$ cat structure.cif   # mmCIF, C-alpha atoms
data_protein
loop_
_atom_site.label_atom_id
_atom_site.label_comp_id
_atom_site.auth_asym_id
_atom_site.auth_seq_id
_atom_site.Cartn_x
_atom_site.Cartn_y
_atom_site.Cartn_z
CA MET U 1 -20.28 18.86 -4.30
CA THR U 2 -17.43 16.37 -3.92
CA GLN U 3 -18.07 13.81 -1.20
CA ASP U 4 -15.74 13.79 1.79
CA PHE U 5 -13.88 10.51 2.35
CA VAL U 6 -11.96 9.54 5.48
CA ILE U 7 -9.78 6.70 6.74
CA SER U 8 -11.94 4.77 9.18
CA ALA U 9 -9.66 1.84 10.05
CA PHE U 10 -6.43 0.07 9.25
CA ASP U 11 -4.55 -3.01 10.33
CA THR U 12 -1.22 -4.56 9.54
CA VAL U 13 0.66 -7.84 9.41
CA ALA U 14 4.40 -7.53 9.90
CA PRO U 15 7.31 -9.61 11.24
CA PRO U 16 7.83 -9.04 14.97
CA GLY U 17 11.58 -8.71 14.47
CA PRO U 18 14.40 -8.97 11.95
CA GLY U 19 15.70 -12.28 10.70
CA LEU U 20 12.74 -14.35 11.84
CA THR U 21 11.38 -17.25 9.83
CA GLY U 22 8.02 -18.90 10.20
CA TRP U 23 6.59 -15.86 11.95
CA PHE U 24 3.28 -15.95 10.06
CA ASP U 25 0.83 -18.78 10.76
CA GLN U 26 -1.57 -18.68 7.81
CA ARG U 27 -3.75 -21.46 9.28
CA ALA U 28 -4.31 -19.50 12.47
CA GLU U 29 -4.84 -16.20 10.65
CA LEU U 30 -6.95 -17.36 7.71
CA GLY U 31 -8.09 -20.94 8.26
CA ARG U 32 -7.99 -23.73 5.69
CA GLY U 33 -7.55 -23.27 1.95
CA TYR U 34 -4.80 -20.64 1.85
CA ARG U 35 -1.60 -22.70 2.08
CA ARG U 36 -0.79 -22.48 -1.64
CA LEU U 37 -1.20 -18.73 -1.90
CA PRO U 38 1.98 -16.60 -2.05
CA PRO U 39 2.97 -15.23 1.37
CA SER U 40 2.25 -11.67 0.22
CA ALA U 41 -1.35 -12.61 -0.58
CA GLN U 42 -1.69 -14.31 2.80
CA TYR U 43 -0.32 -11.23 4.58
CA LEU U 44 -2.76 -8.86 2.90
CA LEU U 45 -5.73 -11.17 3.34
CA ALA U 46 -4.92 -11.35 7.06
CA ALA U 47 -4.49 -7.57 7.36
CA VAL U 48 -7.84 -7.07 5.63
CA LYS U 49 -9.50 -9.62 7.91
CA ARG U 50 -8.14 -7.82 10.97
CA ALA U 51 -9.26 -4.41 9.70
CA LEU U 52 -12.80 -5.62 8.94
CA ALA U 53 -13.04 -7.22 12.38
CA GLN U 54 -12.74 -3.82 14.06
CA GLU U 55 -15.87 -2.45 15.67
CA GLY U 56 -18.41 -1.25 13.14
CA ILE U 57 -16.23 -1.75 10.05
CA GLY U 58 -17.59 -5.10 8.88
CA GLU U 59 -21.16 -3.97 9.47
CA ALA U 60 -20.55 -0.79 7.49
CA LEU U 61 -19.16 -2.81 4.58
CA LEU U 62 -22.25 -5.04 4.48
CA ALA U 63 -24.43 -1.94 4.24
CA VAL U 64 -22.72 -0.92 0.98
CA PRO U 65 -23.96 -2.57 -2.24
CA GLU U 66 -21.37 -4.98 -3.66
CA GLU U 67 -21.05 -3.01 -6.89
CA ARG U 68 -20.13 0.11 -4.87
CA ARG U 69 -17.21 -1.50 -2.99
CA ALA U 70 -13.66 -1.34 -4.39
CA VAL U 71 -10.06 -2.36 -3.77
CA ALA U 72 -6.70 -0.86 -4.77
CA VAL U 73 -3.42 -2.62 -3.94
CA GLY U 74 0.22 -1.63 -4.40
CA THR U 75 3.17 -4.02 -4.45
CA ASN U 76 6.63 -4.45 -5.96
CA HIS U 77 7.93 -7.91 -5.02
CA ALA U 78 4.76 -9.70 -3.98
CA VAL U 79 5.21 -12.68 -6.31
CA ALA U 80 8.94 -12.65 -7.03
CA GLY U 81 9.22 -15.97 -5.22
CA MET U 82 6.53 -17.48 -7.44
CA HIS U 83 8.37 -16.27 -10.55
CA ALA U 84 11.57 -17.91 -9.34
CA GLU U 85 9.75 -21.18 -8.56
CA ILE U 86 8.15 -21.29 -12.00
CA ASP U 87 11.48 -20.52 -13.71
CA GLN U 88 13.33 -23.23 -11.79
CA ALA U 89 10.65 -25.86 -12.41
CA THR U 90 10.48 -25.01 -16.12
CA VAL U 91 14.24 -25.13 -16.62
CA ALA U 92 14.41 -28.44 -14.79
CA GLY U 93 11.60 -29.89 -16.90
CA GLU U 94 9.38 -30.31 -13.86
CA ALA U 95 6.63 -27.80 -14.61
CA ARG U 96 4.08 -30.56 -14.04
CA LEU U 97 4.92 -30.44 -10.34
CA LEU U 98 3.78 -26.81 -9.96
CA SER U 99 0.59 -26.34 -7.98
CA PRO U 100 -2.37 -25.33 -10.19
CA THR U 101 -3.69 -23.42 -7.19
CA ALA U 102 -0.54 -21.35 -6.78
CA VAL U 103 0.65 -20.83 -10.37
CA PRO U 104 -2.02 -18.24 -11.34
CA TYR U 105 -0.38 -15.90 -8.83
CA PHE U 106 2.51 -15.36 -11.23
CA SER U 107 0.43 -12.22 -11.87
CA PRO U 108 0.56 -9.88 -8.86
CA ASN U 109 -2.76 -8.42 -9.98
CA LEU U 110 -4.45 -11.55 -8.64
CA ILE U 111 -3.77 -10.45 -5.07
CA ALA U 112 -6.19 -7.54 -5.46
CA SER U 113 -8.57 -9.86 -7.31
CA ARG U 114 -8.50 -12.37 -4.45
CA ILE U 115 -9.35 -9.62 -1.96
CA ALA U 116 -12.19 -8.47 -4.24
CA MET U 117 -13.52 -12.01 -4.57
CA GLU U 118 -13.46 -12.79 -0.85
CA HIS U 119 -15.22 -9.58 0.19
CA ALA U 120 -17.44 -8.96 -2.87
CA LEU U 121 -15.67 -5.73 -3.85
CA LYS U 122 -17.23 -5.40 -7.28
CA GLY U 123 -16.87 -1.66 -7.93
CA PHE U 124 -13.34 -1.99 -9.26
CA SER U 125 -10.16 -3.93 -8.54
CA LEU U 126 -6.88 -2.11 -9.15
CA ALA U 127 -3.23 -3.16 -8.75
CA VAL U 128 -0.27 -0.76 -8.98
CA HIS U 129 3.36 -1.83 -9.23
CA THR U 130 5.46 1.34 -9.57
CA PRO U 131 8.73 0.90 -7.63
CA ARG U 132 8.38 2.17 -4.06
CA THR U 133 5.48 4.53 -4.81
CA ALA U 134 2.97 1.76 -5.63
CA GLY U 135 1.14 1.87 -2.30
CA LEU U 136 0.71 5.63 -2.32
CA GLU U 137 -0.31 5.60 -5.99
CA ALA U 138 -2.90 2.87 -5.33
CA LEU U 139 -4.44 5.02 -2.60
CA GLN U 140 -4.30 8.08 -4.86
CA ALA U 141 -6.05 6.28 -7.73
CA GLY U 142 -8.59 4.76 -5.38
CA LEU U 143 -9.50 8.12 -3.84
CA ARG U 144 -9.79 9.69 -7.28
CA ALA U 145 -12.17 6.92 -8.34
CA LEU U 146 -14.29 7.37 -5.21
CA ARG U 147 -14.62 11.10 -5.82
CA SER U 148 -15.59 10.53 -9.43
CA GLY U 149 -18.46 8.33 -8.25
CA ARG U 150 -17.04 4.94 -9.27
CA ALA U 151 -17.59 3.50 -5.79
CA ASP U 152 -18.56 4.42 -2.22
CA TRP U 153 -16.20 2.26 -0.15
CA LEU U 154 -12.51 1.50 -0.69
CA LEU U 155 -10.01 -0.96 0.67
CA ALA U 156 -6.48 0.29 -0.08
CA GLY U 157 -3.50 -1.93 0.67
CA ALA U 158 0.18 -2.59 0.19
CA THR U 159 1.93 -5.94 0.55
CA GLU U 160 5.45 -7.25 0.05
CA ALA U 161 7.32 -10.51 0.48
CA VAL U 162 11.05 -11.10 0.69
CA PRO U 163 12.20 -11.91 -2.86
CA PRO U 164 14.56 -14.79 -3.64
CA GLU U 165 18.29 -14.17 -3.66
CA SER U 166 18.23 -14.44 -7.45
CA ASP U 167 16.09 -11.31 -7.75
CA LYS U 168 18.92 -8.79 -8.01
CA ALA U 169 16.53 -5.95 -8.84
CA ALA U 170 15.13 -6.12 -5.31
CA VAL U 171 18.47 -5.65 -3.58
CA THR U 172 19.24 -2.18 -2.30
CA VAL U 173 22.48 -0.82 -0.95
CA ARG U 174 21.10 -1.60 2.48
CA GLY U 175 20.58 -5.20 1.44
CA ALA U 176 17.07 -5.33 2.86
CA ALA U 177 13.65 -6.19 1.48
CA GLU U 178 10.28 -5.41 2.97
CA GLU U 179 7.85 -8.04 4.21
CA GLY U 180 4.30 -7.76 5.47
CA ALA U 181 1.09 -5.96 4.55
CA LEU U 182 -1.16 -3.11 5.57
CA ALA U 183 -4.82 -2.45 4.73
CA LEU U 184 -6.65 0.91 4.98
CA VAL U 185 -10.44 1.30 4.94
CA VAL U 186 -11.78 4.45 3.25
CA GLU U 187 -15.40 5.46 3.78
CA PRO U 188 -17.59 8.54 3.32
CA ALA U 189 -17.27 10.80 6.37
CA GLN U 190 -21.05 11.02 6.61
CA ALA U 191 -21.37 7.23 6.87
CA VAL U 192 -18.79 7.10 9.66
CA ARG U 193 -20.59 9.82 11.62
CA ALA U 194 -23.97 8.19 11.06
CA GLY U 195 -22.61 4.95 12.52
CA GLY U 196 -21.41 6.72 15.65
CA ARG U 197 -17.79 6.00 14.77
CA ARG U 198 -14.73 8.26 14.76
CA ALA U 199 -12.57 8.58 11.67
CA LEU U 200 -8.81 8.29 11.99
CA GLY U 201 -8.27 11.17 9.58
CA ARG U 202 -7.93 12.19 5.94
CA VAL U 203 -5.27 11.54 3.33
CA GLU U 204 -4.53 13.32 0.05
CA VAL U 205 -1.95 11.90 -2.38
CA ARG U 206 -0.21 13.52 -5.35
CA SER U 207 2.53 12.19 -7.64
CA VAL U 208 5.05 13.74 -10.01
CA PHE U 209 7.90 12.54 -12.18
CA VAL U 210 11.44 13.86 -11.78
CA PRO U 211 13.55 12.84 -14.82
CA PRO U 212 16.58 11.00 -13.41
CA GLY U 213 18.88 12.84 -15.84
CA GLN U 214 17.77 16.18 -14.41
CA ALA U 215 17.86 15.20 -10.77
CA ASP U 216 21.14 17.03 -10.26
CA VAL U 217 19.51 20.36 -11.13
CA PRO U 218 18.05 21.59 -7.83
CA GLN U 219 15.76 24.22 -9.35
CA ASP U 220 14.07 21.62 -11.59
CA VAL U 221 13.49 19.30 -8.65
CA ARG U 222 12.15 22.12 -6.49
CA ALA U 223 9.82 23.19 -9.31
CA ALA U 224 8.43 19.66 -9.62
CA LEU U 225 8.00 19.29 -5.88
CA GLY U 226 6.46 22.76 -5.68
CA VAL U 227 3.65 21.63 -7.97
CA LEU U 228 3.30 18.44 -5.97
CA LEU U 229 3.23 20.01 -2.53
CA GLU U 230 1.14 22.99 -3.57
CA GLY U 231 -1.58 20.52 -4.52
CA LEU U 232 -1.43 19.24 -0.94
CA SER U 233 -1.84 22.72 0.56
CA TYR U 234 1.75 22.48 1.71
CA GLY U 235 2.97 25.18 4.03
CA ALA U 236 5.61 25.74 6.66
CA GLY U 237 3.73 23.74 9.27
CA PRO U 238 3.53 20.06 8.34
CA GLN U 239 6.42 17.80 9.24
CA VAL U 240 7.88 16.01 6.21
CA ARG U 241 8.81 12.32 6.38
CA LEU U 242 10.84 11.13 3.40
CA THR U 243 11.64 7.54 2.46
CA GLY U 244 13.71 6.63 -0.56
CA ASP U 245 16.71 4.87 -1.95
CA CYS U 246 20.16 6.39 -2.38
CA SER U 247 19.57 7.31 -6.02
CA PRO U 248 20.26 10.77 -7.47
CA VAL U 249 16.52 11.42 -7.57
CA ALA U 250 16.05 10.57 -3.90
CA ARG U 251 19.06 12.66 -2.89
CA ALA U 252 17.76 15.60 -4.93
CA VAL U 253 14.34 15.33 -3.28
CA GLU U 254 16.00 15.16 0.13
CA ALA U 255 17.95 18.34 -0.60
CA ALA U 256 14.93 20.16 -2.04
CA LEU U 257 12.74 19.32 0.97
CA ASP U 258 15.55 19.73 3.50
CA ALA U 259 14.28 16.55 5.15
CA PRO U 260 16.42 13.53 6.09
CA THR U 261 15.65 10.24 4.37
CA GLU U 262 14.31 7.49 6.62
CA PRO U 263 15.86 4.07 5.93
CA ALA U 264 13.60 1.62 4.13
CA GLY U 265 14.03 -1.65 2.34
CA ALA U 266 13.09 -2.53 -1.20
CA GLY U 267 9.36 -2.33 -1.80
CA SER U 268 6.30 -0.11 -1.53
CA LEU U 269 5.24 -0.97 2.03
CA ARG U 270 7.21 1.46 4.20
CA PRO U 271 5.70 4.71 2.83
CA PHE U 272 2.24 3.19 3.21
CA GLN U 273 3.03 2.27 6.82
CA ALA U 274 4.17 5.86 7.43
CA ILE U 275 0.67 7.05 6.50
CA ALA U 276 -0.91 4.74 9.07
CA GLU U 277 1.63 5.80 11.70
CA ALA U 278 0.85 9.46 11.09
CA LEU U 279 -2.89 8.81 11.44
CA VAL U 280 -2.53 7.37 14.94
CA GLN U 281 0.64 9.03 16.27
CA ALA U 282 0.69 12.56 14.90
CA THR U 283 -1.21 15.46 16.47
CA ALA U 284 -0.79 17.71 13.42
CA PRO U 285 -0.71 17.20 9.65
CA GLN U 286 2.29 15.35 8.22
CA ILE U 287 3.51 14.92 4.68
CA VAL U 288 4.84 11.49 3.74
CA VAL U 289 7.07 11.57 0.66
CA THR U 290 8.76 8.73 -1.19
CA ALA U 291 11.08 8.81 -4.19
CA THR U 292 12.75 6.22 -6.37
CA ALA U 293 15.63 5.98 -8.82
CA ALA U 294 13.22 5.76 -11.77
CA GLY U 295 12.04 9.31 -11.04
CA ASN U 296 8.66 8.61 -9.46
CA VAL U 297 7.86 10.79 -6.47
CA SER U 298 4.65 10.58 -4.43
CA ALA U 299 3.54 12.63 -1.43
CA ALA U 300 0.65 12.11 0.96
CA LEU U 301 -0.77 14.81 3.20
CA VAL U 302 -2.01 13.01 6.32
CA THR U 303 -4.39 14.97 8.54
CA PRO U 304 -5.24 13.05 11.73
CA SER U 305 -8.62 13.58 13.32
CA THR U 306 -8.57 15.66 16.46
CA PRO U 307 -9.64 13.85 19.64
CA GLN U 308 -13.27 14.34 20.60
#
$ encode --input "structure.cif" --output "structure tokens"
Amino acid sequence: MTQDFVISAFDTVAPPGPGLTGWFDQRAELGRGYRRLPPSAQYLLAAVKRALAQEGIGEALLAVPEERRAVAVGTNHAVAGMHAEIDQATVAGEARLLSPTAVPYFSPNLIASRIAMEHALKGFSLAVHTPRTAGLEALQAGLRALRSGRADWLLAGATEAVPPESDKAAVTVRGAAEEGALALVVEPAQAVRAGGRRALGRVEVRSVFVPPGQADVPQDVRAALGVLLEGLSYGAGPQVRLTGDCSPVARAVEAALDAPTEPAGAGSLRPFQAIAEALVQATAPQIVVTATAAGNVSAALVTPSTPQ
């Protein structure tokens, strides 16, 4: 019998308002030793720290053997600033001035690895970087691994940092980029009940690919989404929340679902945040969908726990 997993906690780090600089105090959030880490790594480390500080969560983690704990992280532009810094220093012949502490983070995979190292998450460490859908896909892969017996406890996260102006790939028609992080804790439902805690709810994620060249054929898009949403037990009831860009794929998904697209910047954070919002704000199941110009479409069925 497949074990039942639930979302037991989450926490987030996000700017309190648009256009603010210096809003995140890494020393206050994390202490000493984190100044050289990319902002995106700092954000996620802080979100994880906040989540684990919630009542019963840290204790539950310590009760799980280290080799049965896991982490899965999604991001798109987490280290774009580091890439730009390395490029500029190399071109200027000043590579020697780069910090040996910071330079390894040219690989965004190291953000998940840093989380795993700090919290002894030795079951597996996974990083996903698909445009916009990375956060949902990280959660999907993490849940699949839990159900296959790879681990018993999962930390799923998404983090983004504002990329440099030179990173044209990050610029959307809205001219915005996401910043901040969110961390979800996934545990066996039985363990949450045994600890006298209440789960926030359950999440199921599915993904499909809509070929961009076929996105103007409504029946093909509806067929792809039908497979996707059928796997989520989709019916007439759940409200659909769609985030996406203005690409043909996103417009086709919008038309097929008959759901307006919520504005979002460049990155994978906003759809992940929508899952957390549905867990604490919704009173009925919601489906969070995101689509991107490359053809990747992911949907999450979020079923909040009923009050007890």
$ closest_residue --input "structure.cif" --among "U:Glu85, U:Glu254, U:Glu179, U:Glu230" --to "Val13 in chain U" --atoms "only C-alpha atoms"
U:Glu179
$ resolve_selection --input "structure.cif" --expression "the PyMOL selection byres ((chain U and resi 276-290) around 10)" --output "number ranges by chain"
U: 7, 9-12, 132-133, 136, 182-184, 199-207, 229, 232, 234, 237-245, 250, 253-254, 257, 259, 261-262, 268, 270-275, 291-292, 296-307
$ write_last_selection --input "structure.cif" --atoms "C-alpha atoms" --output "PDB file, in the frame of the given file"
ATOM      1  CA  ILE U   7      -9.780   6.700   6.740  1.00  0.00           C
ATOM      2  CA  ALA U   9      -9.660   1.840  10.050  1.00  0.00           C
ATOM      3  CA  PHE U  10      -6.430   0.070   9.250  1.00  0.00           C
ATOM      4  CA  ASP U  11      -4.550  -3.010  10.330  1.00  0.00           C
ATOM      5  CA  THR U  12      -1.220  -4.560   9.540  1.00  0.00           C
ATOM      6  CA  ARG U 132       8.380   2.170  -4.060  1.00  0.00           C
ATOM      7  CA  THR U 133       5.480   4.530  -4.810  1.00  0.00           C
ATOM      8  CA  LEU U 136       0.710   5.630  -2.320  1.00  0.00           C
ATOM      9  CA  LEU U 182      -1.160  -3.110   5.570  1.00  0.00           C
ATOM     10  CA  ALA U 183      -4.820  -2.450   4.730  1.00  0.00           C
ATOM     11  CA  LEU U 184      -6.650   0.910   4.980  1.00  0.00           C
ATOM     12  CA  ALA U 199     -12.570   8.580  11.670  1.00  0.00           C
ATOM     13  CA  LEU U 200      -8.810   8.290  11.990  1.00  0.00           C
ATOM     14  CA  GLY U 201      -8.270  11.170   9.580  1.00  0.00           C
ATOM     15  CA  ARG U 202      -7.930  12.190   5.940  1.00  0.00           C
ATOM     16  CA  VAL U 203      -5.270  11.540   3.330  1.00  0.00           C
ATOM     17  CA  GLU U 204      -4.530  13.320   0.050  1.00  0.00           C
ATOM     18  CA  VAL U 205      -1.950  11.900  -2.380  1.00  0.00           C
ATOM     19  CA  ARG U 206      -0.210  13.520  -5.350  1.00  0.00           C
ATOM     20  CA  SER U 207       2.530  12.190  -7.640  1.00  0.00           C
ATOM     21  CA  LEU U 229       3.230  20.010  -2.530  1.00  0.00           C
ATOM     22  CA  LEU U 232      -1.430  19.240  -0.940  1.00  0.00           C
ATOM     23  CA  TYR U 234       1.750  22.480   1.710  1.00  0.00           C
ATOM     24  CA  GLY U 237       3.730  23.740   9.270  1.00  0.00           C
ATOM     25  CA  PRO U 238       3.530  20.060   8.340  1.00  0.00           C
ATOM     26  CA  GLN U 239       6.420  17.800   9.240  1.00  0.00           C
ATOM     27  CA  VAL U 240       7.880  16.010   6.210  1.00  0.00           C
ATOM     28  CA  ARG U 241       8.810  12.320   6.380  1.00  0.00           C
ATOM     29  CA  LEU U 242      10.840  11.130   3.400  1.00  0.00           C
ATOM     30  CA  THR U 243      11.640   7.540   2.460  1.00  0.00           C
ATOM     31  CA  GLY U 244      13.710   6.630  -0.560  1.00  0.00           C
ATOM     32  CA  ASP U 245      16.710   4.870  -1.950  1.00  0.00           C
ATOM     33  CA  ALA U 250      16.050  10.570  -3.900  1.00  0.00           C
ATOM     34  CA  VAL U 253      14.340  15.330  -3.280  1.00  0.00           C
ATOM     35  CA  GLU U 254      16.000  15.160   0.130  1.00  0.00           C
ATOM     36  CA  LEU U 257      12.740  19.320   0.970  1.00  0.00           C
ATOM     37  CA  ALA U 259      14.280  16.550   5.150  1.00  0.00           C
ATOM     38  CA  THR U 261      15.650  10.240   4.370  1.00  0.00           C
ATOM     39  CA  GLU U 262      14.310   7.490   6.620  1.00  0.00           C
ATOM     40  CA  SER U 268       6.300  -0.110  -1.530  1.00  0.00           C
ATOM     41  CA  ARG U 270       7.210   1.460   4.200  1.00  0.00           C
ATOM     42  CA  PRO U 271       5.700   4.710   2.830  1.00  0.00           C
ATOM     43  CA  PHE U 272       2.240   3.190   3.210  1.00  0.00           C
ATOM     44  CA  GLN U 273       3.030   2.270   6.820  1.00  0.00           C
ATOM     45  CA  ALA U 274       4.170   5.860   7.430  1.00  0.00           C
ATOM     46  CA  ILE U 275       0.670   7.050   6.500  1.00  0.00           C
ATOM     47  CA  ALA U 291      11.080   8.810  -4.190  1.00  0.00           C
ATOM     48  CA  THR U 292      12.750   6.220  -6.370  1.00  0.00           C
ATOM     49  CA  ASN U 296       8.660   8.610  -9.460  1.00  0.00           C
ATOM     50  CA  VAL U 297       7.860  10.790  -6.470  1.00  0.00           C
ATOM     51  CA  SER U 298       4.650  10.580  -4.430  1.00  0.00           C
ATOM     52  CA  ALA U 299       3.540  12.630  -1.430  1.00  0.00           C
ATOM     53  CA  ALA U 300       0.650  12.110   0.960  1.00  0.00           C
ATOM     54  CA  LEU U 301      -0.770  14.810   3.200  1.00  0.00           C
ATOM     55  CA  VAL U 302      -2.010  13.010   6.320  1.00  0.00           C
ATOM     56  CA  THR U 303      -4.390  14.970   8.540  1.00  0.00           C
ATOM     57  CA  PRO U 304      -5.240  13.050  11.730  1.00  0.00           C
ATOM     58  CA  SER U 305      -8.620  13.580  13.320  1.00  0.00           C
ATOM     59  CA  THR U 306      -8.570  15.660  16.460  1.00  0.00           C
ATOM     60  CA  PRO U 307      -9.640  13.850  19.640  1.00  0.00           C
TER      61      PRO U 307
END
$ atom_distance --input "structure.cif" --atom1 "CA of Pro163 in chain U" --atom2 "CA of Ala80 in chain U"
5.3 Å
$ residues_around --input "structure.cif" --residues "Gly31 in chain U" --least-positions-apart "4" --cutoff "12 Å" --atoms "only C-alpha atoms" --output "list in words"
Asp25, Gln26, Arg27, Arg35, Gln42, Leu45, Ala46 and Lys49 of chain U
$ resolve_selection --input "structure.cif" --expression "the PyMOL selection byres ((chain U and resi 216) around 12)" --output "PDB file with C-alpha atoms, keeping the file's coordinate frame"
ATOM      1  CA  VAL U 210      11.440  13.860 -11.780  1.00  0.00           C
ATOM      2  CA  PRO U 211      13.550  12.840 -14.820  1.00  0.00           C
ATOM      3  CA  PRO U 212      16.580  11.000 -13.410  1.00  0.00           C
ATOM      4  CA  GLY U 213      18.880  12.840 -15.840  1.00  0.00           C
ATOM      5  CA  GLN U 214      17.770  16.180 -14.410  1.00  0.00           C
ATOM      6  CA  ALA U 215      17.860  15.200 -10.770  1.00  0.00           C
ATOM      7  CA  VAL U 217      19.510  20.360 -11.130  1.00  0.00           C
ATOM      8  CA  PRO U 218      18.050  21.590  -7.830  1.00  0.00           C
ATOM      9  CA  GLN U 219      15.760  24.220  -9.350  1.00  0.00           C
ATOM     10  CA  ASP U 220      14.070  21.620 -11.590  1.00  0.00           C
ATOM     11  CA  VAL U 221      13.490  19.300  -8.650  1.00  0.00           C
ATOM     12  CA  ARG U 222      12.150  22.120  -6.490  1.00  0.00           C
ATOM     13  CA  SER U 247      19.570   7.310  -6.020  1.00  0.00           C
ATOM     14  CA  PRO U 248      20.260  10.770  -7.470  1.00  0.00           C
ATOM     15  CA  VAL U 249      16.520  11.420  -7.570  1.00  0.00           C
ATOM     16  CA  ALA U 250      16.050  10.570  -3.900  1.00  0.00           C
ATOM     17  CA  ARG U 251      19.060  12.660  -2.890  1.00  0.00           C
ATOM     18  CA  ALA U 252      17.760  15.600  -4.930  1.00  0.00           C
ATOM     19  CA  VAL U 253      14.340  15.330  -3.280  1.00  0.00           C
ATOM     20  CA  GLU U 254      16.000  15.160   0.130  1.00  0.00           C
ATOM     21  CA  ALA U 255      17.950  18.340  -0.600  1.00  0.00           C
ATOM     22  CA  ALA U 256      14.930  20.160  -2.040  1.00  0.00           C
ATOM     23  CA  GLY U 295      12.040   9.310 -11.040  1.00  0.00           C
TER      24      GLY U 295
END
$ resolve_selection --input "structure.cif" --expression "the PyMOL selection byres ((chain U and resi 107) around 10)" --output "VMD selection string"
chain U and resid 78 to 80 82 to 83 103 to 106 108 to 111
$ write_last_selection --input "structure.cif" --atoms "C-alpha atoms" --output "short mmCIF file (atom, residue, chain, number, x, y, z; two decimals), in the frame of the given file"
data_model
loop_
_atom_site.label_atom_id
_atom_site.label_comp_id
_atom_site.auth_asym_id
_atom_site.auth_seq_id
_atom_site.Cartn_x
_atom_site.Cartn_y
_atom_site.Cartn_z
CA ALA U 78 4.76 -9.70 -3.98
CA VAL U 79 5.21 -12.68 -6.31
CA ALA U 80 8.94 -12.65 -7.03
CA MET U 82 6.53 -17.48 -7.44
CA HIS U 83 8.37 -16.27 -10.55
CA VAL U 103 0.65 -20.83 -10.37
CA PRO U 104 -2.02 -18.24 -11.34
CA TYR U 105 -0.38 -15.90 -8.83
CA PHE U 106 2.51 -15.36 -11.23
CA PRO U 108 0.56 -9.88 -8.86
CA ASN U 109 -2.76 -8.42 -9.98
CA LEU U 110 -4.45 -11.55 -8.64
CA ILE U 111 -3.77 -10.45 -5.07
#
$ atom_distance --input "structure.cif" --atom1 "CA of Gly157 in chain U" --atom2 "CA of Ala177 in chain U"
17.7 Å
$ atom_distance --input "structure.cif" --atom1 "CA of Ala51 in chain U" --atom2 "CA of Pro164 in chain U"
29.2 Å
$ closest_residue --input "structure.cif" --among "U:Ala138, U:Trp23, U:Ala151, U:Ala84" --to "Leu121 in chain U" --atoms "all atoms listed in the file"
U:Ala151
$ closest_residue --input "structure.cif" --among "U:Gly149, U:Gly180, U:Pro65, U:Pro38" --to "Ala102 in chain U" --atoms "all atoms listed in the file"
U:Pro38
$ residues_around --input "structure.cif" --residues "His129 in chain U" --least-positions-apart "5" --cutoff "9 Å" --atoms "only C-alpha atoms" --output "short mmCIF file (atom, residue, chain, number, x, y, z; two decimals) with C-alpha atoms, keeping the file's coordinate frame"
data_model
loop_
_atom_site.label_atom_id
_atom_site.label_comp_id
_atom_site.auth_asym_id
_atom_site.auth_seq_id
_atom_site.Cartn_x
_atom_site.Cartn_y
_atom_site.Cartn_z
CA VAL U 73 -3.42 -2.62 -3.94
CA GLY U 74 0.22 -1.63 -4.40
CA THR U 75 3.17 -4.02 -4.45
CA ASN U 76 6.63 -4.45 -5.96
CA HIS U 77 7.93 -7.91 -5.02
CA PRO U 108 0.56 -9.88 -8.86
CA ALA U 134 2.97 1.76 -5.63
CA GLY U 135 1.14 1.87 -2.30
CA GLU U 137 -0.31 5.60 -5.99
CA ALA U 138 -2.90 2.87 -5.33
CA SER U 268 6.30 -0.11 -1.53
#
